[in-house]
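What follows is the content of data-v1.txt, which has compact mmCIF, C-alpha atoms:
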```txt
# COMPACT_ATOMS: atom_id res chain seq x y z
CA MET J 1 164.23 131.23 131.13
CA ASP J 2 163.03 127.69 131.68
CA PHE J 3 162.41 126.08 128.33
CA PHE J 4 161.82 122.48 129.15
CA GLY J 5 159.66 122.20 132.25
CA ASN J 6 160.36 119.19 134.42
CA PHE J 7 164.13 118.62 134.64
CA LEU J 8 163.86 114.85 135.10
CA ASP J 9 160.96 114.11 132.75
CA PRO J 10 162.23 111.60 130.12
CA GLN J 11 160.23 113.15 127.28
CA SER J 12 161.63 116.61 128.04
CA ILE J 13 165.12 115.15 127.95
CA LEU J 14 164.43 113.39 124.64
CA ALA J 15 162.96 116.60 123.21
CA GLN J 16 166.20 118.38 124.06
CA SER J 17 168.04 116.15 121.56
CA GLU J 18 166.27 117.79 118.60
CA LEU J 19 168.72 119.63 116.34
CA VAL J 20 168.44 123.29 115.37
CA PRO J 21 170.64 125.35 113.05
CA VAL J 22 172.91 127.90 114.74
CA LYS J 23 175.31 130.58 113.63
CA LEU J 24 178.61 131.01 115.45
CA LEU J 25 179.00 134.47 116.99
CA ILE J 26 182.46 133.97 118.40
CA ASP J 27 185.40 133.68 116.12
CA LEU J 28 186.68 130.14 115.96
CA PRO J 29 189.73 130.20 113.72
CA GLN J 30 190.70 126.65 114.50
CA LEU J 31 187.68 124.47 114.77
CA SER J 32 189.91 121.45 115.28
CA GLN J 33 190.53 122.76 118.81
CA PHE J 34 186.82 122.62 119.40
CA ASN J 35 186.65 119.16 118.00
CA SER J 36 189.43 117.84 120.23
CA ILE J 37 187.91 119.18 123.43
CA LEU J 38 184.57 117.66 122.60
CA SER J 39 185.77 114.38 121.23
CA SER J 40 186.96 111.50 123.23
CA GLN J 41 188.10 108.36 121.49
CA SER J 42 185.64 107.95 118.71
CA ASP J 43 182.87 110.16 120.06
CA SER J 44 182.39 113.77 119.13
CA LEU J 45 179.62 116.29 119.41
CA PHE J 46 180.42 117.90 116.08
CA GLU J 47 181.36 116.23 112.87
CA ILE J 48 183.61 118.74 111.15
CA ASP J 49 183.87 118.67 107.39
CA PHE J 50 186.82 120.76 106.29
CA THR J 51 186.13 120.44 102.55
CA GLU J 52 184.88 123.73 101.14
CA THR J 53 181.76 123.46 99.08
CA GLU J 54 180.43 126.03 96.68
CA THR J 55 176.82 125.43 97.35
CA GLU J 56 175.41 125.27 100.81
CA THR J 57 173.45 122.19 101.55
CA GLU J 58 171.05 122.09 104.40
CA THR J 59 170.59 118.68 105.85
CA GLU J 60 170.01 117.50 109.36
CA THR J 61 170.88 114.23 110.91
CA THR J 62 169.50 112.94 114.07
CA GLU J 63 172.80 111.51 115.25
CA MET J 64 175.57 114.00 114.57
CA SER J 65 175.65 117.68 113.97
CA LYS J 66 177.64 118.79 110.94
CA ILE J 67 179.54 121.89 110.07
CA TYR J 68 179.71 122.90 106.45
CA PHE J 69 181.94 125.67 105.24
CA ASP J 70 180.34 127.94 102.70
CA SER J 71 183.03 129.38 100.45
CA THR J 72 180.92 132.45 99.65
CA LYS J 73 180.78 133.44 103.33
CA GLN J 74 184.16 132.94 104.83
CA LYS J 75 183.58 132.86 108.54
CA SER J 76 179.98 131.73 108.86
CA PRO J 77 179.98 127.99 109.16
CA LYS J 78 176.58 126.42 109.66
CA ILE J 79 176.18 124.08 112.55
CA TYR J 80 173.28 122.01 113.79
CA LEU J 81 173.32 121.60 117.55
CA PRO J 82 170.97 119.79 119.92
CA LEU J 83 168.72 122.10 121.92
CA TRP J 84 170.26 121.21 125.27
CA ILE J 85 173.51 122.90 124.22
CA ALA J 86 172.20 125.39 121.67
CA ILE J 87 170.00 127.23 124.16
CA PRO J 88 172.62 127.90 126.87
CA LEU J 89 175.17 128.94 124.22
CA HIS J 90 172.54 131.19 122.65
CA GLN J 91 171.90 132.77 126.04
CA GLN J 92 175.63 133.35 126.47
CA LYS J 93 175.77 134.86 122.99
CA ALA J 94 178.33 132.33 121.76
CA VAL J 95 175.95 131.17 119.03
CA GLN J 96 172.74 132.45 117.52
CA ILE J 97 169.91 129.97 117.02
CA GLN J 98 168.31 130.29 113.61
CA MET J 99 164.78 129.39 112.68
CA PRO J 100 164.85 125.94 111.05
CA TYR J 101 163.59 125.79 107.50
CA ASN J 102 160.65 123.57 108.45
CA PHE J 103 159.35 126.14 110.94
CA SER J 104 159.62 129.17 108.69
CA ASN J 105 156.68 131.30 107.56
CA THR J 106 156.58 129.42 104.23
CA PHE J 107 155.04 126.45 105.95
CA HIS J 108 152.54 128.20 108.19
CA SER J 109 149.87 128.49 105.52
CA ILE J 110 150.30 124.77 104.69
CA TRP J 111 149.91 123.88 108.36
CA LYS J 112 146.64 125.79 108.56
CA SER J 113 145.14 124.61 105.30
CA ASP J 114 146.27 120.98 105.01
CA SER J 115 146.91 120.04 108.64
CA THR J 116 146.02 116.38 108.62
CA SER J 117 148.23 115.29 105.75
CA ILE J 118 151.52 116.56 107.23
CA LYS J 119 153.84 113.84 108.53
CA LEU J 120 155.15 115.50 111.65
CA GLN J 121 157.34 112.61 112.78
CA LYS J 122 159.45 113.08 109.67
CA ILE J 123 159.98 116.76 110.48
CA LYS J 124 160.63 116.42 114.20
CA ARG J 125 159.76 113.71 116.69
CA HIS J 126 158.97 116.46 119.23
CA PHE J 127 157.54 118.96 116.80
CA TYR J 128 155.38 121.03 119.15
CA THR J 129 157.98 121.18 121.94
CA THR J 130 160.63 122.38 119.50
CA GLY J 131 158.20 124.87 117.97
CA ALA J 132 157.22 126.25 121.37
CA ILE J 133 160.87 126.78 122.29
CA LEU J 134 161.64 128.49 118.99
CA ALA J 135 158.59 130.71 119.40
CA GLN J 136 159.86 131.70 122.85
CA ILE J 137 163.34 132.47 121.56
CA PHE J 138 162.16 134.48 118.56
CA ASN J 139 159.03 135.93 120.23
CA ASP J 140 157.10 134.61 117.28
CA GLU J 141 153.37 134.65 118.04
CA ASN J 142 152.58 133.76 114.46
CA LEU J 143 154.36 130.43 114.91
CA ILE J 144 152.36 129.66 118.06
CA ASP J 145 149.12 130.61 116.34
CA SER J 146 149.85 128.41 113.31
CA MET J 147 150.89 125.43 115.43
CA SER J 148 147.81 125.79 117.66
CA GLN J 149 145.45 125.83 114.70
CA MET J 150 147.18 122.83 113.19
CA LEU J 151 147.00 120.91 116.48
CA ILE J 152 143.28 121.66 116.88
CA LYS J 153 142.49 120.34 113.38
CA ARG J 154 144.67 117.27 113.78
CA PHE J 155 143.25 116.62 117.25
CA LEU J 156 139.76 116.30 115.79
CA LYS J 157 140.98 113.51 113.53
CA ILE J 158 143.05 111.91 116.33
CA SER J 159 140.09 111.73 118.71
CA ASP J 160 137.88 110.25 115.95
CA LEU J 161 140.49 107.58 115.22
CA ALA J 162 140.88 106.80 118.92
CA ASP J 163 137.18 105.93 119.06
CA GLU J 164 137.12 103.93 115.85
CA PRO J 165 138.10 100.30 115.54
CA LYS J 166 140.70 99.41 112.89
CA ILE J 167 139.37 99.57 109.36
CA GLU J 168 141.48 97.96 106.66
CA GLN J 169 141.17 98.98 103.04
CA LYS J 170 142.43 96.88 100.18
CA ASP J 171 144.30 98.69 97.42
CA LEU J 172 142.56 97.68 94.18
CA ILE J 173 145.67 97.93 92.04
CA THR J 174 148.33 96.30 94.20
CA SER J 175 145.91 94.13 96.25
CA GLN J 176 147.84 95.10 99.37
CA VAL J 177 145.98 95.82 102.54
CA THR J 178 146.67 99.42 103.51
CA THR J 179 145.65 101.18 106.63
CA ASP J 180 145.36 104.94 106.29
CA ARG J 181 144.62 105.01 109.98
CA GLU J 182 147.91 103.35 110.88
CA GLU J 183 149.86 105.51 108.46
CA PHE J 184 148.43 108.65 110.05
CA ILE J 185 149.10 107.37 113.58
CA ASP J 186 152.68 106.34 112.74
CA ASN J 187 153.44 109.89 111.59
CA LEU J 188 152.13 111.67 114.67
CA ASP J 189 154.38 113.78 116.80
CA TRP J 190 155.05 112.56 120.37
CA LEU J 191 152.40 114.89 121.92
CA GLU J 192 149.76 113.72 119.46
CA GLN J 193 150.60 110.08 120.09
CA SER J 194 150.09 110.62 123.84
CA LEU J 195 146.70 112.23 123.09
CA PHE J 196 145.79 109.28 120.88
CA GLN J 197 146.68 106.77 123.60
CA ILE J 198 144.61 108.71 126.15
CA GLY J 199 141.72 108.77 123.68
CA LYS J 200 141.93 105.00 123.21
CA GLN J 201 141.93 104.40 126.96
CA ASN J 202 138.94 106.71 127.40
CA SER J 203 137.08 104.90 124.66
CA LYS J 204 137.78 101.57 126.35
CA GLN J 205 136.64 102.92 129.74
CA TYR J 206 133.46 104.22 128.15
CA GLN J 207 132.68 100.79 126.69
CA ILE J 208 133.26 99.20 130.09
CA TRP J 209 130.91 101.72 131.69
CA LYS J 210 128.32 101.17 128.96
CA ASN J 211 128.41 97.44 129.70
CA ARG J 212 127.80 98.22 133.38
CA ALA J 213 131.17 96.75 134.28
CA SER J 214 132.99 99.77 135.68
CA HIS J 215 132.95 98.25 139.16
CA LYS J 216 134.58 95.06 137.87
CA ILE J 217 137.98 94.56 139.50
CA GLN J 218 140.60 94.44 136.75
CA GLN J 219 143.74 92.37 136.63
CA SER J 220 146.81 94.55 137.19
CA ASN J 221 149.01 95.55 134.24
CA VAL J 222 152.00 93.88 135.89
CA SER J 223 150.36 90.45 136.00
CA VAL J 224 148.98 90.84 132.46
CA LYS J 225 152.44 91.63 131.07
CA THR J 226 154.28 89.00 133.09
CA LEU J 227 151.75 86.29 132.27
CA LYS J 228 151.95 87.22 128.58
CA ARG J 229 155.73 86.91 128.66
CA PHE J 230 155.47 83.61 130.54
CA ARG J 231 153.14 82.22 127.84
CA ILE J 232 155.43 83.39 125.02
CA ASN J 233 158.48 81.85 126.72
CA MET W 1 177.62 111.51 119.93
CA ASN W 2 178.60 111.52 123.59
CA THR W 3 175.29 112.16 125.24
CA GLU W 4 173.26 110.20 122.72
CA ILE W 5 174.54 107.05 124.46
CA GLY W 6 172.63 108.11 127.55
CA VAL W 7 169.52 109.00 125.60
CA GLU W 8 169.35 105.37 124.42
CA LEU W 9 168.68 104.40 128.06
CA LEU W 10 165.58 106.58 128.16
CA LYS W 11 164.44 105.42 124.74
CA GLU W 12 164.70 101.81 125.95
CA LEU W 13 162.38 102.63 128.85
CA GLN W 14 159.86 104.29 126.53
CA ARG W 15 159.92 101.49 123.97
CA THR W 16 159.53 98.53 126.27
CA THR W 17 156.33 96.51 126.41
CA GLU W 18 157.41 94.86 129.65
CA GLN W 19 156.68 96.33 133.05
CA LEU W 20 160.40 96.91 133.65
CA PRO W 21 163.14 96.12 131.12
CA LYS W 22 166.49 94.70 132.15
CA TYR W 23 168.82 97.21 133.83
CA ASP W 24 171.34 98.17 131.18
CA GLN W 25 174.52 98.03 133.25
CA SER W 26 176.91 98.34 130.28
CA LEU W 27 175.27 101.48 128.89
CA VAL W 28 175.10 103.11 132.31
CA GLN W 29 178.79 102.32 132.78
CA LYS W 30 179.64 103.91 129.42
CA VAL W 31 177.80 107.09 130.37
CA ILE W 32 179.58 107.24 133.73
CA GLU W 33 182.98 106.73 132.06
CA GLU W 34 182.19 109.44 129.54
CA THR W 35 181.19 111.84 132.31
CA ASN W 36 184.39 111.10 134.23
CA ARG W 37 186.47 111.77 131.10
CA LYS W 38 184.80 115.13 130.58
CA GLN W 39 185.26 115.93 134.26
CA GLU W 40 188.99 115.26 133.98
CA GLN W 41 189.27 117.47 130.90
CA LEU W 42 187.45 120.24 132.75
CA HIS W 43 189.69 119.97 135.79
CA GLU W 44 192.77 119.95 133.59
CA MET W 45 191.71 123.15 131.88
CA VAL W 46 190.93 124.85 135.19
CA LYS W 47 194.24 123.66 136.69
CA GLN W 48 196.19 125.06 133.75
CA LYS W 49 194.13 128.25 134.03
CA LYS W 50 192.96 127.94 130.44
CA TYR W 51 189.90 130.13 130.78
CA GLU W 52 191.19 133.60 130.03
CA ASP W 53 189.85 134.06 126.52
CA THR W 54 186.28 133.68 125.20
CA ILE W 55 186.98 130.49 123.26
CA SER W 56 188.40 128.70 126.31
CA LYS W 57 185.51 129.88 128.45
CA THR W 58 183.08 128.54 125.87
CA LYS W 59 184.89 125.21 125.87
CA LEU W 60 184.64 125.06 129.67
CA HIS W 61 180.94 125.83 129.50
CA ILE W 62 180.34 123.16 126.88
CA LEU W 63 182.16 120.54 128.96
CA ASN W 64 180.06 121.54 131.94
CA TYR W 65 176.82 121.26 129.96
CA MET W 66 177.79 117.81 128.74
CA ILE W 67 178.52 116.63 132.28
CA GLU W 68 175.21 118.03 133.50
CA ARG W 69 173.36 116.43 130.61
CA ASN W 70 174.76 112.97 131.44
CA GLU W 71 173.89 113.42 135.11
CA GLN W 72 170.37 114.48 134.14
CA ILE W 73 169.92 111.41 131.94
CA LEU W 74 171.22 108.95 134.52
CA THR W 75 169.11 110.47 137.31
CA SER W 76 166.02 110.38 135.12
CA TYR W 77 166.65 106.75 134.12
CA HIS W 78 166.99 105.59 137.72
CA LEU W 79 164.04 107.70 138.85
CA GLU W 80 161.76 106.27 136.17
CA ARG W 81 162.71 102.72 137.13
CA GLY W 82 162.09 103.58 140.78
CA LYS W 83 158.64 104.95 139.89
CA LYS W 84 157.77 101.74 138.08
CA LEU W 85 158.74 99.73 141.17
CA ILE W 86 156.51 101.93 143.33
CA GLU W 87 153.68 101.57 140.83
CA MET W 88 154.15 97.79 141.03
CA ARG W 89 153.63 97.83 144.79
CA TRP W 90 150.29 99.59 144.42
CA ASP W 91 149.24 97.60 141.38
CA PHE W 92 150.39 94.11 142.26
CA GLY W 93 151.47 93.80 145.86
CA SER W 94 154.72 93.47 147.76
CA VAL W 95 155.94 90.31 146.03
CA ILE W 96 158.03 90.89 142.89
CA PRO W 97 157.31 88.30 140.17
CA ASN W 98 160.36 86.25 139.15
CA GLN W 99 160.23 87.53 135.58
CA ILE W 100 160.68 91.09 136.87
CA ARG W 101 163.17 90.14 139.59
CA GLU W 102 165.57 89.01 136.83
CA ASN W 103 165.50 92.51 135.35
CA ILE W 104 166.28 94.56 138.45
CA THR W 105 169.47 95.18 140.39
CA GLN W 106 170.07 94.47 144.05
CA ASN W 107 169.78 98.18 144.84
CA GLU W 108 166.40 98.36 143.16
CA GLU W 109 165.22 95.29 145.02
CA SER W 110 166.22 96.77 148.36
CA PHE W 111 164.56 100.08 147.35
CA HIS W 112 161.34 98.18 146.63
CA HIS W 113 161.60 96.31 149.92
CA GLU W 114 162.14 99.51 151.93
CA TYR W 115 159.27 101.25 150.15
CA CYS W 116 156.96 98.33 150.96
CA GLN W 117 158.08 98.50 154.58
CA ILE W 118 157.38 102.25 154.83
CA LEU W 119 153.96 101.78 153.25
CA GLU W 120 153.10 98.90 155.59
CA ASP W 121 154.12 100.96 158.63
CA TYR W 122 152.03 103.87 157.43
CA MET W 123 148.97 101.71 156.71
CA ASN W 124 149.31 99.99 160.08
CA SER W 125 149.40 103.34 161.83
CA LEU W 126 146.11 104.25 160.10
CA ASP W 127 144.68 100.73 160.44
CA LEU W 128 143.63 101.00 156.78
CA ASP W 129 144.60 99.13 153.63
CA LEU W 130 145.15 101.97 151.17
CA THR W 131 145.92 99.58 148.31
CA GLN W 132 142.33 98.29 148.20
CA ASP W 133 139.60 99.59 145.93
CA HIS W 134 141.43 100.83 142.84
CA GLN W 135 138.04 101.29 141.25
CA PRO W 136 135.11 102.83 143.15
CA PRO W 137 133.52 99.81 144.85
CA SER W 138 129.93 98.87 144.23
CA ASN W 139 127.51 98.11 147.06
CA ASP W 140 128.37 94.39 146.98
CA LEU W 141 130.32 93.13 149.95
CA TYR W 142 130.54 89.72 148.30
CA ILE W 143 131.54 89.10 144.68
CA GLU W 144 131.51 86.09 142.40
CA VAL W 145 134.91 84.95 141.11
CA ARG W 146 136.29 82.21 138.88
CA VAL W 147 139.62 80.64 139.74
CA LEU W 148 142.05 80.89 136.83
CA LYS W 149 144.77 78.59 138.14
CA ASP W 150 145.40 76.15 140.98
CA TYR W 151 146.58 78.20 143.94
CA GLY W 152 146.10 76.00 147.00
CA GLN W 153 144.41 77.16 150.17
CA ILE W 154 143.90 80.71 151.40
CA PHE W 155 142.57 82.27 154.59
CA ILE W 156 139.44 84.38 154.32
CA ASP W 157 137.07 86.22 156.67
CA GLY W 158 139.92 87.67 158.67
CA GLY W 159 141.70 84.34 159.02
CA GLN W 160 138.69 82.47 160.31
CA SER W 161 138.04 80.21 157.31
CA ILE W 162 140.09 78.40 154.70
CA VAL W 163 139.08 77.95 151.10
CA GLU W 164 140.70 75.85 148.38
CA LEU W 165 141.35 77.57 145.04
CA LYS W 166 141.09 75.01 142.23
CA LYS W 167 141.21 75.95 138.57
CA ASN W 168 137.83 76.74 136.93
CA SER W 169 135.89 76.61 140.19
CA ARG W 170 133.44 79.42 141.00
CA LEU W 171 133.38 80.99 144.44
CA PHE W 172 131.53 83.66 146.33
CA LEU W 173 134.08 85.66 148.34
CA ARG W 174 134.29 88.94 150.19
CA ARG W 175 135.52 91.71 147.94
CA VAL W 176 138.25 92.53 150.44
CA ASP W 177 139.61 88.95 150.33
CA ALA W 178 139.36 88.56 146.57
CA GLU W 179 140.66 91.90 145.28
CA ASN W 180 144.38 91.25 145.62
CA LEU W 181 144.11 87.80 144.05
CA ILE W 182 142.14 89.23 141.13
CA ARG W 183 144.84 91.84 140.57
CA GLU W 184 147.50 89.11 140.65
CA GLY W 185 145.63 87.15 137.99
CA VAL W 186 144.71 84.18 140.19
CA LEU W 187 140.97 84.95 140.16
CA GLU W 188 138.62 86.58 137.66
CA HIS W 189 135.78 88.84 138.76
CA ILE W 190 132.50 87.70 137.19
CA ILE W 191 129.74 90.21 136.68
CA SER W 192 126.27 88.97 135.94
CA ASN W 193 124.00 91.54 134.26
```
Would you mind writing the file's structure down as C-alpha cells?
Amino acid sequence: MDFFGNFLDPQSILAQSELVPVKLLIDLPQLSQFNSILSSQSDSLFEIDFTETETETETETTEMSKIYFDSTKQKSPKIYLPLWIAIPLHQQKAVQIQMPYNFSNTFHSIWKSDSTSIKLQKIKRHFYTTGAILAQIFNDENLIDSMSQMLIKRFLKISDLADEPKIEQKDLITSQVTTDREEFIDNLDWLEQSLFQIGKQNSKQYQIWKNRASHKIQQSNVSVKTLKRFRIN
Amino acid sequence: MNTEIGVELLKELQRTTEQLPKYDQSLVQKVIEETNRKQEQLHEMVKQKKYEDTISKTKLHILNYMIERNEQILTSYHLERGKKLIEMRWDFGSVIPNQIRENITQNEESFHHEYCQILEDYMNSLDLDLTQDHQPPSNDLYIEVRVLKDYGQIFIDGGQSIVELKKNSRLFLRRVDAENLIREGVLEHIISN
C-alpha cells in the first residue's frame, strides 16, 4: 500500500516525520538492546525512560520518540514513532499503530462545527496527510468525512483572505496592533498554506489582467531575488 | 534523532527566500556517515547470522528502513537543487549570477552547463528559441522599454544593428531582442494604456 505518493517529493518526506502512537506487538524484554542497535554515539531513534510511572502521560515531541512504562500494564509500553518507520513495522505486525488522541472521534464534531478557529499547525504540521494515512490504516471513513468538511469550511476563509489586503486592527486595551489574518495564516497546516499561496498568486494575476498588463514581460524571480540580496549586502 | 539530521536539509530548502541556498556540505557529510554506520551494523548482524529470532529480524528491518530513509532524503535534496538549476535556465538564461554561483558546488555547476548544452542542441535542431514568450505574446512586434542600469552595447535585429543601453533611457526594441534582458532585470517593459 503506497501511503505517501511521490517518493522524492520533499513535502511527502517531511510529512513522514510526523509522530504517531504505537503499541508493541512483539515481546521486547530488554529494550536496551533495541536502544543500542538504533543509537550511534549520541543519536538514537528512541529515548527510553526506564523509570516506572503510576500515571500514564501522553505527550508528543517533534524531535524524539519516548517510551513510558505504565506500571498498571506490565508489558505495554507506549511509543511514539515517526510514520516512515511506524507504517512498515505495522505492516509487518511488529507494532500496532494507534489512533492519536487529536484524531479521535471526540474531535470530529469540533472540526465540523468550529472549523476556522482550530490551530492545525499546533496539532500537526501535516495534519491532512497524517489524517489521510490514519484513515487508510483504520478504514475510517468518518475521519475522512470530518476532515473534508473542515477543509471545505476553512478553504472558504483561506480564499477570502488570499484576495484581501492586510487589515490591521488595534487592540483597544493593550494598544497593540494585532492581525487576526496573520494569526490564522500562521496556524494553517502545510496543505492550507500552499492553497493560500496559490490564492495570493491568482489574485495578483487577476489584478494584472484587470490592468490590461497580462502581456507585460515580467522580470524573472532569479533576478528579483539576486538583485534584492545585492541591495541588502 | 538520526534521520532528523537529513530532514533539516529539506527544511532549509523549503525555508529559503533565495533562489538556491548554499550547499550544506557538513550536513550532507553527517548523513552519509550516519548511513555508513548503519550499513556496517547491518552487515555485522548478517555476518554473525543474527537474524534467527523475531527481535533480531525486526532490528535488521529497522536498520534497513533507516538506511533507505537517509538515501531518500539525500536524493530528494540533490534532485530539488537540480530542479532549481533547470528552472534558472528557463527563467534567467545560461549565465549563473555570481551570488548564486557562490552557493553551488562544482558538480552542480557542471550539471547546469551540460543541461544548457543539451537544451541549446535541441533548440538548434528545431531552429526555435523555446525559452522565449513565457507569457502569451501580444500582437506587438516592437515594445517600449526603459533601461534600468548601464549595460553597454548590444546587437539587435539579428546582429545587424548596435544599440547603447544607458540608464533611464527609453527605447523601442523588438520583443525578441528585449525579452531576455527584461527577464535579467536590465530593461523594464513599459505598457501605455
Which residues of chain W sit at most 7 Å from chain J, using all atoms listed in the file? Give each one's shortest atom pair and distance in Å (one decimal place), in chain and ascending residue order, as a Markdown table.
```
| residue | atom | partner | partner_atom | distance |
| --- | --- | --- | --- | --- |
| W:Met1 | CA | J:Leu45 | CA | 5.2 |
| W:Asn2 | CA | J:Asp43 | CA | 5.7 |
| W:Val7 | CA | J:Leu14 | CA | 6.8 |
| W:Leu10 | CA | J:Pro10 | CA | 6.3 |
| W:Glu18 | CA | J:Lys225 | CA | 6.1 |
| W:Gln19 | CA | J:Val222 | CA | 6.0 |
| W:Tyr65 | CA | J:Ile85 | CA | 6.8 |
| W:Gln72 | CA | J:Leu8 | CA | 6.6 |
| W:Ser76 | CA | J:Leu8 | CA | 5.0 |
| W:Met88 | CA | J:Val222 | CA | 6.8 |
| W:Asp91 | CA | J:Ser220 | CA | 5.7 |
| W:Phe92 | CA | J:Ser220 | CA | 6.2 |
| W:Gln99 | CA | J:Thr226 | CA | 6.6 |
| W:Gln135 | CA | J:His215 | CA | 6.3 |
| W:Pro136 | CA | J:His215 | CA | 6.4 |
| W:Pro137 | CA | J:His215 | CA | 5.9 |
| W:Ser138 | CA | J:His215 | CA | 5.9 |
| W:Glu179 | CA | J:Ile217 | CA | 6.9 |
| W:Ile182 | CA | J:Gln219 | CA | 5.7 |
| W:Arg183 | CA | J:Gln219 | CA | 4.1 |
| W:Glu184 | CA | J:Ser223 | CA | 5.6 |
| W:Gly185 | CA | J:Gln219 | CA | 5.7 |
| W:His189 | CA | J:Ile217 | CA | 6.2 |
| W:Ile191 | CA | J:Lys216 | CA | 7.0 |
```
Using 5 Å of padding on each side, determine the axis-aligned box around all atoms of stretch 182-190 of chain J present in the file and give its centre and edge lengths in Å to one decimal, as lines of an AutoDock Vina configuration file.
```
center_x = 151.5
center_y = 108.6
center_z = 114.4
size_x = 17.1
size_y = 20.4
size_z = 21.9
```
Inset, instruction - Pick out the closest residue to J:Gln149 from this set: J:Gln136, J:Thr116, J:Ser12, J:Asn187. Count all atoms listed in the file. - result: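 Residue with the minimum atom-to-atom distance to J:Gln149: J:Thr116.
Closest approach to W:Asp129 among W:Glu71, W:Lys11, W:Val176, W:Gly82 is made by W:Val176 (distances from only C-alpha atoms).
Counting from atom CA of W:Val186, the distance to atom CA of W:Tyr151 is 7.3 Å.
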Inset, instruction - Counting only C-alpha atoms, figure out which residue out of J:Ser117, J:Gln96, J:Thr106, J:Ser159 gets nearest to J:Phe138. - result: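 For J:Phe138, the nearest of the given residues is J:Gln96.
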Legend entry - Distance query 12 Å from (180.5, 124.5, 131.0) using only C-alpha atoms, result as a count of residues only: 29
Legend entry - Selection: 12 Å around W:Gln160, only C-alpha atoms, excl. self and same-chain fewer than 5 positions, as a list in words: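 Residues near the query, excluding close chain neighbours: Ile154, Phe155 and Asp177 of chain W.
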Inset, instruction - Grab the atom CA of W:Cys116 to atom CA of W:Arg101 distance for me, in Å with one decimal place. - result: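 Value for the atom CA of W:Cys116-atom CA of W:Arg101 distance: 15.3 Å.
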List as a PDB file with C-alpha atoms, in the coordinates of the input the protein and nucleic acid residues near J:Asn142, meaning an atom at most 12 Å away when only C-alpha atoms are counted, but skip any in the same chain fewer than 3 places from it.
```
ATOM      1  CA  PHE J 103     159.350 126.140 110.940  1.00  0.00           C
ATOM      2  CA  SER J 104     159.620 129.170 108.690  1.00  0.00           C
ATOM      3  CA  ASN J 105     156.680 131.300 107.560  1.00  0.00           C
ATOM      4  CA  THR J 106     156.580 129.420 104.230  1.00  0.00           C
ATOM      5  CA  PHE J 107     155.040 126.450 105.950  1.00  0.00           C
ATOM      6  CA  HIS J 108     152.540 128.200 108.190  1.00  0.00           C
ATOM      7  CA  SER J 109     149.870 128.490 105.520  1.00  0.00           C
ATOM      8  CA  TRP J 111     149.910 123.880 108.360  1.00  0.00           C
ATOM      9  CA  LYS J 112     146.640 125.790 108.560  1.00  0.00           C
ATOM     10  CA  GLY J 131     158.200 124.870 117.970  1.00  0.00           C
ATOM     11  CA  ALA J 132     157.220 126.250 121.370  1.00  0.00           C
ATOM     12  CA  LEU J 134     161.640 128.490 118.990  1.00  0.00           C
ATOM     13  CA  ALA J 135     158.590 130.710 119.400  1.00  0.00           C
ATOM     14  CA  GLN J 136     159.860 131.700 122.850  1.00  0.00           C
ATOM     15  CA  PHE J 138     162.160 134.480 118.560  1.00  0.00           C
ATOM     16  CA  ASN J 139     159.030 135.930 120.230  1.00  0.00           C
ATOM     17  CA  ASP J 145     149.120 130.610 116.340  1.00  0.00           C
ATOM     18  CA  SER J 146     149.850 128.410 113.310  1.00  0.00           C
ATOM     19  CA  MET J 147     150.890 125.430 115.430  1.00  0.00           C
ATOM     20  CA  SER J 148     147.810 125.790 117.660  1.00  0.00           C
ATOM     21  CA  GLN J 149     145.450 125.830 114.700  1.00  0.00           C
TER      22      GLN J 149
END
```
Inset, instruction - Select, from W:Glu108, W:Asp121, W:Trp90, W:His134, the residue with the minimum atom-to-atom distance to W:His78, counting all atoms listed in the file. - result: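 Answer, going by the shortest atom-to-atom distance: W:Glu108.
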